[in-house]
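Visitor: Structure below; questions to follow.
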Amino acid sequence: MIQVTDLTKRYGKLIANNDISLAVNPGELTVLLGPNGAGKSTLIKCICGLLRFEGEITIDGHDNRSSDAKRLLGYIPEMPALYPMLTVREHLEFIARAYELDEWEPRADELLRRFEMDDKQNKLGKELSKGMQQKVSICCAVLTKPRAVIFDEPLIGLDPHAIRELKGLMAEMKHDGCAMIVSTHMIESVEADWDTTCIMTGGSIARACHRDELDGGALEELYFSITETDREQDR
């Protein structure tokens, strides 16, 4: 579903992503891990078509910058960016009109209820807290029932109820065949649900593996075994 092939992203002489290849299949959750500056956010923005890059990225066989790919992809950024003068409800309506969705209101109502935003539908974007903005961002991203979703630090700012609902929603989407990439520093939050992981250091994937390859080992142990070794070598 998500295919990245020989991706390189340069900022002048700086190589932020260096010859990265990965694939996320339908119904698969891939966790993207790495210390600050490892290139995770750059990779995510490239996949979402927000940056120019060398290489190839496809969503279900479509070039990621095409309208066909964008219709299939949902994106929850680390920092939600809402329209300050649109209400919560108007944000969802905007997405529905942009994607030409039919009978979207029941799903919108359900999402707002799940994330406890149904009583805040008339609040403007500028009136919302960071956590509330994140909830609206999530609702907008999944309203279209995307076949692939990118989560960039999705749990930051969410209250315990919203975290539980988001995890439940992700499990439902995974069951329905949605391909997901989750970039996070909160390793324990995805420990029970991940299928594959890509651990990045220095703009490259230092280790990619499937859950079965760990032989019962913890994801956190694998992460530190790689990142701490790289840190020692840099000293």
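Within each chain, counting starts at residue 1; across the structure tokens, chains are named A, B, ... in the order shown, with ligands numbered 1 upward in that order.
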Enumerate as number ranges by chain all residues of segment 11-98 of chain A assigned to strand (DSSP E) by DSSP on the backbone, naming them with the chain letters and numbers the document uses.
Guide: A: 11, 14-24, 29-33, 54-59, 62-63, 73-76
Visitor: Keeping only N, CA and C atoms, take the residues you just selected and write them out as a compact mmCIF listing (two decimals), in the first residue's frame.
Guide:
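Done, and the output landed in part-v8.txt:
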```txt
# COMPACT_ATOMS: atom_id res chain seq x y z
N TYR A 11 18.87 19.01 1.69
CA TYR A 11 18.73 20.44 1.93
C TYR A 11 20.11 21.05 1.67
N LEU A 14 23.22 19.17 3.05
CA LEU A 14 22.74 18.28 4.11
C LEU A 14 21.83 17.21 3.53
N ILE A 15 22.12 15.96 3.83
CA ILE A 15 21.27 14.85 3.41
C ILE A 15 20.41 14.46 4.60
N ALA A 16 19.12 14.81 4.53
CA ALA A 16 18.20 14.53 5.64
C ALA A 16 17.70 13.09 5.60
N ASN A 17 17.46 12.56 4.40
CA ASN A 17 17.09 11.15 4.19
C ASN A 17 18.02 10.58 3.14
N ASN A 18 18.62 9.45 3.44
CA ASN A 18 19.65 8.89 2.56
C ASN A 18 19.26 7.50 2.06
N ASP A 19 18.76 7.44 0.82
CA ASP A 19 18.49 6.18 0.13
C ASP A 19 17.61 5.24 0.97
N ILE A 20 16.43 5.74 1.34
CA ILE A 20 15.52 4.98 2.19
C ILE A 20 14.52 4.20 1.34
N SER A 21 14.33 2.95 1.70
CA SER A 21 13.29 2.12 1.08
C SER A 21 12.52 1.41 2.18
N LEU A 22 11.20 1.40 2.06
CA LEU A 22 10.35 0.66 3.00
C LEU A 22 9.00 0.41 2.35
N ALA A 23 8.30 -0.56 2.90
CA ALA A 23 6.97 -0.90 2.40
C ALA A 23 6.06 -1.20 3.58
N VAL A 24 4.82 -0.70 3.50
CA VAL A 24 3.81 -0.98 4.52
C VAL A 24 2.62 -1.60 3.80
N LEU A 29 0.82 -2.19 10.69
CA LEU A 29 1.20 -0.99 11.42
C LEU A 29 2.73 -0.97 11.54
N THR A 30 3.33 0.02 10.93
CA THR A 30 4.78 0.19 10.99
C THR A 30 5.11 1.34 11.93
N VAL A 31 5.99 1.08 12.88
CA VAL A 31 6.42 2.10 13.83
C VAL A 31 7.74 2.69 13.35
N LEU A 32 7.77 4.00 13.26
CA LEU A 32 8.98 4.72 12.85
C LEU A 32 9.61 5.34 14.09
N LEU A 33 10.80 4.85 14.43
CA LEU A 33 11.48 5.28 15.65
C LEU A 33 12.82 5.92 15.31
N GLU A 54 14.23 12.91 -4.17
CA GLU A 54 14.71 12.00 -5.20
C GLU A 54 14.23 10.60 -4.83
N GLY A 55 13.88 9.80 -5.82
CA GLY A 55 13.37 8.46 -5.58
C GLY A 55 11.91 8.34 -5.96
N GLU A 56 11.23 7.36 -5.39
CA GLU A 56 9.84 7.10 -5.75
C GLU A 56 9.03 6.73 -4.52
N ILE A 57 7.83 7.30 -4.42
CA ILE A 57 6.89 6.95 -3.36
C ILE A 57 5.53 6.73 -4.00
N THR A 58 4.91 5.61 -3.70
CA THR A 58 3.58 5.33 -4.23
C THR A 58 2.63 4.94 -3.09
N ILE A 59 1.36 5.26 -3.29
CA ILE A 59 0.28 4.84 -2.40
C ILE A 59 -0.67 4.00 -3.23
N HIS A 62 -0.14 4.43 -6.88
CA HIS A 62 -0.26 5.78 -7.42
C HIS A 62 0.89 6.66 -6.90
N ASP A 63 1.45 7.47 -7.78
CA ASP A 63 2.45 8.44 -7.34
C ASP A 63 1.89 9.26 -6.19
N LEU A 73 -4.87 8.67 1.28
CA LEU A 73 -3.95 8.89 2.40
C LEU A 73 -4.49 9.88 3.41
N GLY A 74 -4.39 9.52 4.69
CA GLY A 74 -4.71 10.43 5.78
C GLY A 74 -3.44 10.80 6.52
N TYR A 75 -3.37 12.02 7.05
CA TYR A 75 -2.15 12.51 7.70
C TYR A 75 -2.51 13.27 8.96
N ILE A 76 -1.95 12.84 10.09
CA ILE A 76 -2.11 13.56 11.35
C ILE A 76 -0.74 14.11 11.73
```
Visitor: Could you pull the residues within 8 Å of segment 167-181 of chain A, counting only C-alpha atoms, minus those fewer than 3 positions along the same chain, as JSON, numbers by chain?
Guide: {"A": [1, 2, 24, 25, 26, 27, 28, 29, 30, 31, 32, 146, 147, 148, 149, 150, 151, 163, 164, 193]}
Visitor: Would you export the selected residues with all heavy atoms as a short mmCIF file (atom, residue, chain, number, x, y, z; two decimals), in the first residue's frame, please?
Guide:
```
data_model
loop_
_atom_site.label_atom_id
_atom_site.label_comp_id
_atom_site.auth_asym_id
_atom_site.auth_seq_id
_atom_site.Cartn_x
_atom_site.Cartn_y
_atom_site.Cartn_z
N MET A 1 0.82 -1.21 0.00
CA MET A 1 0.00 0.00 0.00
C MET A 1 0.86 1.27 0.00
O MET A 1 0.72 2.14 -0.84
CB MET A 1 -0.93 -0.01 1.22
CG MET A 1 -1.81 1.22 1.34
SD MET A 1 -2.92 1.47 -0.04
CE MET A 1 -4.10 0.18 0.23
N ILE A 2 1.80 1.37 0.99
CA ILE A 2 2.77 2.48 0.99
C ILE A 2 4.11 1.91 0.58
O ILE A 2 4.64 1.02 1.23
CB ILE A 2 2.88 3.13 2.38
CG1 ILE A 2 1.52 3.64 2.86
CG2 ILE A 2 3.89 4.28 2.35
CD1 ILE A 2 1.53 4.18 4.29
N VAL A 24 4.82 -0.70 3.50
CA VAL A 24 3.81 -0.98 4.52
C VAL A 24 2.62 -1.60 3.80
O VAL A 24 2.02 -0.98 2.92
CB VAL A 24 3.37 0.29 5.27
CG1 VAL A 24 2.43 -0.07 6.41
CG2 VAL A 24 4.58 1.06 5.79
N ASN A 25 2.28 -2.81 4.17
CA ASN A 25 1.21 -3.55 3.51
C ASN A 25 -0.15 -3.24 4.12
O ASN A 25 -0.24 -2.72 5.24
CB ASN A 25 1.49 -5.05 3.62
CG ASN A 25 2.78 -5.45 2.94
OD1 ASN A 25 3.07 -5.01 1.83
ND2 ASN A 25 3.57 -6.29 3.60
N PRO A 26 -1.23 -3.55 3.41
CA PRO A 26 -2.57 -3.35 3.98
C PRO A 26 -2.73 -4.09 5.30
O PRO A 26 -2.28 -5.23 5.45
CB PRO A 26 -3.49 -3.95 2.90
CG PRO A 26 -2.71 -3.80 1.63
CD PRO A 26 -1.28 -4.03 2.01
N GLY A 27 -3.33 -3.43 6.28
CA GLY A 27 -3.55 -4.04 7.58
C GLY A 27 -2.30 -4.14 8.43
O GLY A 27 -2.29 -4.86 9.43
N GLU A 28 -1.27 -3.39 8.07
CA GLU A 28 0.01 -3.45 8.78
C GLU A 28 0.30 -2.12 9.46
O GLU A 28 0.07 -1.05 8.89
CB GLU A 28 1.12 -3.79 7.79
CG GLU A 28 2.44 -4.20 8.41
CD GLU A 28 3.39 -4.75 7.36
OE1 GLU A 28 3.96 -3.95 6.59
OE2 GLU A 28 3.56 -5.97 7.30
N LEU A 29 0.82 -2.19 10.69
CA LEU A 29 1.20 -0.99 11.42
C LEU A 29 2.73 -0.97 11.54
O LEU A 29 3.32 -1.85 12.17
CB LEU A 29 0.56 -0.96 12.81
CG LEU A 29 0.66 0.36 13.58
CD1 LEU A 29 -0.47 0.46 14.61
CD2 LEU A 29 1.99 0.50 14.31
N THR A 30 3.33 0.02 10.93
CA THR A 30 4.78 0.19 10.99
C THR A 30 5.11 1.34 11.93
O THR A 30 4.56 2.45 11.80
CB THR A 30 5.36 0.49 9.59
OG1 THR A 30 5.21 -0.66 8.77
CG2 THR A 30 6.83 0.84 9.67
N VAL A 31 5.99 1.08 12.88
CA VAL A 31 6.42 2.10 13.83
C VAL A 31 7.74 2.69 13.35
O VAL A 31 8.69 1.95 13.07
CB VAL A 31 6.60 1.50 15.24
CG1 VAL A 31 7.02 2.59 16.22
CG2 VAL A 31 5.31 0.86 15.71
N LEU A 32 7.77 4.00 13.26
CA LEU A 32 8.98 4.72 12.85
C LEU A 32 9.61 5.34 14.09
O LEU A 32 9.01 6.19 14.75
CB LEU A 32 8.60 5.81 11.84
CG LEU A 32 9.72 6.50 11.06
CD1 LEU A 32 10.48 5.51 10.21
CD2 LEU A 32 9.13 7.62 10.20
N PRO A 146 -9.59 6.61 4.97
CA PRO A 146 -8.40 6.41 4.13
C PRO A 146 -7.89 4.99 4.19
O PRO A 146 -8.11 4.27 5.17
CB PRO A 146 -7.39 7.39 4.73
CG PRO A 146 -7.81 7.52 6.17
CD PRO A 146 -9.31 7.46 6.14
N ARG A 147 -7.19 4.58 3.14
CA ARG A 147 -6.61 3.23 3.08
C ARG A 147 -5.19 3.21 3.62
O ARG A 147 -4.59 2.14 3.79
CB ARG A 147 -6.63 2.71 1.65
CG ARG A 147 -8.01 2.69 1.03
CD ARG A 147 -9.05 2.04 1.92
NE ARG A 147 -8.70 0.66 2.25
CZ ARG A 147 -9.13 0.02 3.33
NH1 ARG A 147 -9.90 0.63 4.23
NH2 ARG A 147 -8.78 -1.24 3.54
N ALA A 148 -4.62 4.39 3.84
CA ALA A 148 -3.29 4.51 4.44
C ALA A 148 -3.29 5.77 5.30
O ALA A 148 -3.87 6.79 4.91
CB ALA A 148 -2.21 4.59 3.37
N VAL A 149 -2.66 5.70 6.48
CA VAL A 149 -2.64 6.85 7.39
C VAL A 149 -1.24 7.00 7.97
O VAL A 149 -0.60 6.01 8.35
CB VAL A 149 -3.66 6.69 8.54
CG1 VAL A 149 -3.63 7.92 9.44
CG2 VAL A 149 -5.07 6.47 8.00
N ILE A 150 -0.80 8.25 8.06
CA ILE A 150 0.49 8.59 8.67
C ILE A 150 0.21 9.35 9.96
O ILE A 150 -0.45 10.40 9.95
CB ILE A 150 1.36 9.46 7.75
CG1 ILE A 150 1.42 8.88 6.34
CG2 ILE A 150 2.75 9.64 8.34
CD1 ILE A 150 2.13 7.57 6.23
N PHE A 151 0.69 8.84 11.09
CA PHE A 151 0.55 9.50 12.39
C PHE A 151 1.92 10.00 12.84
O PHE A 151 2.85 9.20 12.98
CB PHE A 151 0.03 8.52 13.45
CG PHE A 151 -1.32 7.94 13.19
CD1 PHE A 151 -1.47 6.78 12.45
CD2 PHE A 151 -2.46 8.54 13.70
CE1 PHE A 151 -2.72 6.21 12.23
CE2 PHE A 151 -3.72 7.99 13.49
CZ PHE A 151 -3.85 6.82 12.75
N ILE A 163 -6.66 9.09 24.13
CA ILE A 163 -5.62 8.10 23.82
C ILE A 163 -6.24 6.72 23.65
O ILE A 163 -5.94 5.99 22.70
CB ILE A 163 -4.54 8.08 24.92
CG1 ILE A 163 -3.72 9.37 24.88
CG2 ILE A 163 -3.63 6.86 24.76
CD1 ILE A 163 -2.73 9.50 26.01
N ARG A 164 -7.15 6.37 24.57
CA ARG A 164 -7.83 5.08 24.47
C ARG A 164 -8.65 4.98 23.18
O ARG A 164 -8.61 3.96 22.48
CB ARG A 164 -8.73 4.86 25.68
CG ARG A 164 -9.39 3.48 25.69
CD ARG A 164 -10.36 3.34 26.86
NE ARG A 164 -11.51 4.22 26.72
CZ ARG A 164 -12.50 4.31 27.59
NH1 ARG A 164 -12.47 3.58 28.70
NH2 ARG A 164 -13.52 5.13 27.40
N ASP A 193 0.93 -3.33 19.57
CA ASP A 193 0.18 -3.33 18.31
C ASP A 193 1.03 -3.33 17.04
O ASP A 193 0.50 -3.53 15.95
CB ASP A 193 -0.75 -2.11 18.26
CG ASP A 193 -1.72 -2.08 19.42
OD1 ASP A 193 -2.37 -3.10 19.66
OD2 ASP A 193 -1.81 -1.04 20.09
#
```
Visitor: Looking only at alpha helix (DSSP H) from DSSP on the backbone, list the matching residues of segment 24-229 of chain A as an MDAnalysis selection string.
Guide: chainID A and resid 40:47 67:72 88:98 105:114 130:142 160:175 219:229
Visitor: What is the distance between atom CA of Met85 of chain A and atom CA of Gln121 of chain A, in Å to one decimal?
Guide: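 One can read the atom CA of Met85 of chain A to atom CA of Gln121 of chain A distance as 12.8 Å.
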Visitor: Of the residues A:Leu124, A:Ala96, A:Val4, A:Leu86, which is the one nearest to Cys48 of chain A, using only C-alpha atoms?
Guide: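 Going through A:Leu124, A:Ala96, A:Val4, A:Leu86 one by one, the smallest distance to Cys48 of chain A is for A:Val4.
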Visitor: Per residue of segment 140-170 of chain A within 10 Å of segment 97-108 of chain A, which atom pair is closest and at what distance in Å (one decimal), using only C-alpha atoms, listed by chain and increasing number, as JSON lines?
Guide:
```
{"residue": "A:Cys140", "atom": "CA", "partner": "A:Ala108", "partner_atom": "CA", "distance": 8.5}
{"residue": "A:Val142", "atom": "CA", "partner": "A:Ala108", "partner_atom": "CA", "distance": 9.4}
{"residue": "A:Leu143", "atom": "CA", "partner": "A:Ala108", "partner_atom": "CA", "distance": 6.5}
{"residue": "A:Thr144", "atom": "CA", "partner": "A:Leu101", "partner_atom": "CA", "distance": 7.3}
{"residue": "A:Lys145", "atom": "CA", "partner": "A:Arg107", "partner_atom": "CA", "distance": 9.5}
```
Visitor: Neighbours of Cys209 of chain A within 10 Å (only C-alpha atoms; same-chain residues fewer than 4 positions away dropped), as a list in words?
Guide: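 So the residues in contact are Thr30, Asp195, Thr196, Thr197, Cys198, Ile199, Glu213 and Leu214 of chain A.
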Visitor: Between atom CA of Gly61 of chain A and atom CA of Ala141 of chain A, what is the spacing in Å?
Guide: 20.7 Å
Visitor: Interatomic distance between atom CA of Phe53 of chain A and atom CA of Ser67 of chain A?
Guide: 17.9 Å
